[in-house]
Amino acid sequence: MVWTHYLPALLRGAEVTLIIGVISTLIGAVIAFAAGIARAEGRRVASWIALVYIEIFRGTSLLVQLFWLFYALPLIGISFDPIATGIAGLALNIGAYGAEVVRGALQSIPPQQREAARALNFSRWHTLFHIYLPQAVVEMMPSFGNLAVQNLKDTSLVSLITIADLTFRAQNLRNMAPANSATIYGMTLIGYFVMALMFSAFMRWLERFLRRGPAFPRSAHG
């Protein structure tokens, strides 16, 4: 069967895609929380810095960002290997979009809870981490799930900075066997689809876990 001839190379590419997708999503989530909290609860300077970062990475093309990190930074003496560059570009991009999700969820906390926290003389950070975030995180999960899947699909762009991911492998195979393009790209589509299902299933499980976790209901009604 023709497809079995291409499967090993595509699986190696899928492994690279999955690694880059998972790591960049995790790093992006950390960035999103940092920037989102700075926007919603931070001081003026921190909020302004976060806003500049968010607008730059949301307002420019991810492909251009990757090219800039990979081709422009070395001109000023800063260079990383292709995989590190791909992960950084994807993480910074998803972090900018995720930051707005975090900001929106935090700002949706009812004002009565903010007033109650001040009346009880809770510190700013105690209020944030023990009252606001436990409630906001649950509300963020559907949006974060969508961003995680989108980030996985965006990993295909790292093939343009010489990373041998799934798209890169598919393109190489297609160049060697143009007559089998439909088979090669069909397998590639299936590969991305399966990985997207895995990401979606995990995010749905995580959302259910957080919603039924003991800490979150207590915080939500405390």
# chains A, B, ... in the order shown; residues from 1 in each chain; ligands from 1
>>> residues_around(residues="region 61-73 of chain A", least_positions_apart="3", cutoff="8 Å", atoms="only C-alpha atoms", output="PyMOL selection string")
chain A and resi 57-58+76-80+82+85-86+89-90+93+157-158+161
>>> closest_residue(among="A:Leu133, A:Ala88, A:Val102, A:Met141", to="Thr25 (chain A)", atoms="only C-alpha atoms")
A:Ala88
>>> closest_atom_pairs(of="region 78-186 of chain A", to="region 26-48 of chain A", cutoff="7 Å", atoms="only C-alpha atoms", output="Markdown table")
| residue | atom | partner | partner_atom | distance |
| --- | --- | --- | --- | --- |
| A:Ala91 | CA | A:Gly28 | CA | 4.1 |
| A:Leu92 | CA | A:Gly28 | CA | 6.1 |
| A:Ile94 | CA | A:Gly28 | CA | 5.5 |
| A:Gly95 | CA | A:Ala32 | CA | 4.3 |
| A:Ala96 | CA | A:Ala32 | CA | 6.2 |
| A:Gly98 | CA | A:Ala32 | CA | 4.8 |
| A:Ala99 | CA | A:Ala32 | CA | 4.0 |
| A:Glu100 | CA | A:Gly36 | CA | 6.0 |
| A:Val102 | CA | A:Gly36 | CA | 4.9 |
| A:Arg103 | CA | A:Gly36 | CA | 4.7 |
| A:Leu106 | CA | A:Ala40 | CA | 6.6 |
| A:Gln107 | CA | A:Ala40 | CA | 6.5 |
>>> residues_around(residues="Ala201 (chain A)", least_positions_apart="6", cutoff="10 Å", atoms="only C-alpha atoms", output="list in words")
Gly145, Met195 and Glu207 of chain A
>>> atom_distance(atom1="CA of Ala164 (chain A)", atom2="CA of Gly21 (chain A)")
13.5 Å
>>> residues_around(residues="region 5-13 of chain A", least_positions_apart="3", cutoff="8 Å", atoms="only C-alpha atoms", output="short mmCIF file (atom, residue, chain, number, x, y, z; two decimals) with all heavy atoms, in the first residue's frame")
data_model
loop_
_atom_site.label_atom_id
_atom_site.label_comp_id
_atom_site.auth_asym_id
_atom_site.auth_seq_id
_atom_site.Cartn_x
_atom_site.Cartn_y
_atom_site.Cartn_z
N MET A 1 0.84 -1.20 0.00
CA MET A 1 0.00 0.00 0.00
C MET A 1 0.88 1.25 0.00
O MET A 1 1.87 1.32 0.73
CB MET A 1 -0.93 0.00 1.22
CG MET A 1 -1.91 -1.17 1.23
SD MET A 1 -2.83 -1.29 2.76
CE MET A 1 -3.74 0.23 2.70
N VAL A 2 0.48 2.25 -0.80
CA VAL A 2 1.32 3.43 -0.98
C VAL A 2 1.50 4.21 0.31
O VAL A 2 2.61 4.65 0.63
CB VAL A 2 0.72 4.33 -2.08
CG1 VAL A 2 1.53 5.61 -2.20
CG2 VAL A 2 0.69 3.59 -3.41
N VAL A 16 7.49 15.91 16.12
CA VAL A 16 8.05 17.25 16.28
C VAL A 16 6.94 18.28 16.44
O VAL A 16 7.00 19.17 17.31
CB VAL A 16 8.95 17.61 15.08
CG1 VAL A 16 9.42 19.06 15.17
CG2 VAL A 16 10.15 16.67 15.01
N THR A 17 5.90 18.17 15.62
CA THR A 17 4.76 19.08 15.71
C THR A 17 4.12 19.03 17.09
O THR A 17 3.80 20.07 17.69
CB THR A 17 3.71 18.73 14.64
OG1 THR A 17 4.25 19.03 13.35
CG2 THR A 17 2.42 19.52 14.84
N ALA A 164 11.77 20.36 10.80
CA ALA A 164 11.20 19.19 10.12
C ALA A 164 9.96 18.69 10.84
O ALA A 164 9.92 17.59 11.38
CB ALA A 164 12.26 18.09 10.04
N ASP A 165 8.93 19.53 10.84
CA ASP A 165 7.66 19.13 11.46
C ASP A 165 6.83 18.36 10.44
O ASP A 165 7.32 17.96 9.38
CB ASP A 165 6.93 20.37 11.95
CG ASP A 165 6.38 21.22 10.82
OD1 ASP A 165 7.03 21.27 9.75
OD2 ASP A 165 5.30 21.83 10.98
N LEU A 166 5.56 18.15 10.76
CA LEU A 166 4.70 17.37 9.89
C LEU A 166 4.55 18.00 8.51
O LEU A 166 4.64 17.33 7.48
CB LEU A 166 3.32 17.18 10.55
CG LEU A 166 2.27 16.37 9.78
CD1 LEU A 166 2.80 15.00 9.41
CD2 LEU A 166 1.00 16.26 10.62
N THR A 167 4.33 19.31 8.47
CA THR A 167 4.17 20.00 7.19
C THR A 167 5.46 19.95 6.37
O THR A 167 5.44 19.74 5.15
CB THR A 167 3.75 21.47 7.43
OG1 THR A 167 2.50 21.49 8.10
CG2 THR A 167 3.62 22.22 6.11
N PHE A 168 6.59 20.14 7.02
CA PHE A 168 7.89 20.08 6.34
C PHE A 168 8.12 18.70 5.72
O PHE A 168 8.54 18.59 4.56
CB PHE A 168 8.99 20.41 7.34
CG PHE A 168 10.37 20.50 6.76
CD1 PHE A 168 10.88 21.72 6.33
CD2 PHE A 168 11.17 19.37 6.65
CE1 PHE A 168 12.16 21.81 5.80
CE2 PHE A 168 12.46 19.45 6.12
CZ PHE A 168 12.95 20.67 5.69
N ARG A 169 7.82 17.66 6.49
CA ARG A 169 7.99 16.30 5.98
C ARG A 169 7.06 16.03 4.82
O ARG A 169 7.45 15.42 3.81
CB ARG A 169 7.72 15.30 7.10
CG ARG A 169 8.64 15.40 8.30
CD ARG A 169 9.90 14.61 8.11
NE ARG A 169 10.71 14.59 9.31
CZ ARG A 169 11.82 13.91 9.46
NH1 ARG A 169 12.29 13.19 8.45
NH2 ARG A 169 12.51 13.95 10.59
N ALA A 170 5.82 16.50 4.94
CA ALA A 170 4.86 16.29 3.86
C ALA A 170 5.31 16.98 2.58
O ALA A 170 5.20 16.41 1.48
CB ALA A 170 3.48 16.80 4.28
N LEU A 173 8.14 14.99 0.99
CA LEU A 173 7.63 13.78 0.33
C LEU A 173 6.91 14.13 -0.97
O LEU A 173 7.06 13.44 -1.97
CB LEU A 173 6.68 13.03 1.27
CG LEU A 173 7.32 12.39 2.50
CD1 LEU A 173 6.24 11.85 3.44
CD2 LEU A 173 8.27 11.27 2.10
N ILE A 184 -0.31 12.00 0.26
CA ILE A 184 0.58 12.61 1.26
C ILE A 184 -0.14 13.69 2.06
O ILE A 184 -0.11 13.69 3.29
CB ILE A 184 1.83 13.19 0.57
CG1 ILE A 184 2.67 12.06 -0.03
CG2 ILE A 184 2.65 14.02 1.54
CD1 ILE A 184 3.74 12.53 -0.98
N THR A 188 -1.47 13.96 5.94
CA THR A 188 -1.09 15.12 6.75
C THR A 188 -2.32 15.75 7.41
O THR A 188 -2.30 16.09 8.61
CB THR A 188 -0.37 16.17 5.89
OG1 THR A 188 0.76 15.55 5.27
CG2 THR A 188 0.09 17.34 6.73
#
>>> select_by_dssp(residues="region 119-213 of chain A", states="alpha helix (DSSP H)", output="count of residues only")
70
>>> closest_residue(among="A:Ile163, A:Leu152, A:Leu51, A:Ala84", to="Met198 (chain A)", atoms="only C-alpha atoms")
A:Leu152
>>> residues_around(residues="Pro110 (chain A)", least_positions_apart="2", cutoff="12 Å", atoms="only C-alpha atoms", output="compact mmCIF listing (two decimals) with N, CA and C atoms, in the first residue's frame")
# COMPACT_ATOMS: atom_id res chain seq x y z
N ALA A 105 -11.64 37.64 31.87
CA ALA A 105 -12.19 36.81 32.94
C ALA A 105 -12.02 37.47 34.30
N LEU A 106 -10.88 38.09 34.53
CA LEU A 106 -10.65 38.76 35.81
C LEU A 106 -11.56 39.97 35.97
N GLN A 107 -11.76 40.70 34.89
CA GLN A 107 -12.59 41.90 34.99
C GLN A 107 -14.08 41.58 35.06
N SER A 108 -14.42 40.31 34.82
CA SER A 108 -15.83 39.91 34.91
C SER A 108 -16.24 39.54 36.34
N GLN A 112 -19.14 43.31 43.74
CA GLN A 112 -19.44 43.07 45.16
C GLN A 112 -18.32 42.27 45.83
N GLN A 113 -17.71 41.35 45.06
CA GLN A 113 -16.63 40.56 45.65
C GLN A 113 -15.39 41.42 45.88
N ARG A 114 -15.15 42.35 44.99
CA ARG A 114 -14.02 43.26 45.17
C ARG A 114 -14.23 44.13 46.41
N GLU A 115 -15.45 44.61 46.57
CA GLU A 115 -15.75 45.44 47.74
C GLU A 115 -15.64 44.63 49.02
N ALA A 116 -16.10 43.36 48.98
CA ALA A 116 -16.03 42.52 50.17
C ALA A 116 -14.58 42.24 50.55
N ALA A 117 -13.73 42.02 49.55
CA ALA A 117 -12.31 41.76 49.82
C ALA A 117 -11.65 42.97 50.46
N ILE A 131 -9.31 34.57 45.53
CA ILE A 131 -10.71 34.88 45.24
C ILE A 131 -10.97 35.01 43.74
N TYR A 132 -10.18 35.85 43.07
CA TYR A 132 -10.45 36.12 41.66
C TYR A 132 -10.05 34.96 40.76
N GLN A 135 -12.02 31.53 40.42
CA GLN A 135 -13.26 31.63 39.65
C GLN A 135 -12.97 31.87 38.17
N ALA A 136 -12.01 32.77 37.91
CA ALA A 136 -11.74 33.17 36.53
C ALA A 136 -11.17 32.04 35.69
N ALA A 220 -15.61 30.06 44.57
CA ALA A 220 -16.63 30.73 43.80
C ALA A 220 -17.77 31.22 44.67
N HIS A 221 -18.01 30.49 45.78
CA HIS A 221 -19.16 30.86 46.61
C HIS A 221 -18.73 31.43 47.95
>>> atom_distance(atom1="CA of Ala148 (chain A)", atom2="CA of Gly104 (chain A)")
17.8 Å
>>> closest_residue(among="A:Leu120, A:Ile54, A:Pro111, A:Val138", to="Arg212 (chain A)", atoms="only C-alpha atoms")
A:Val138
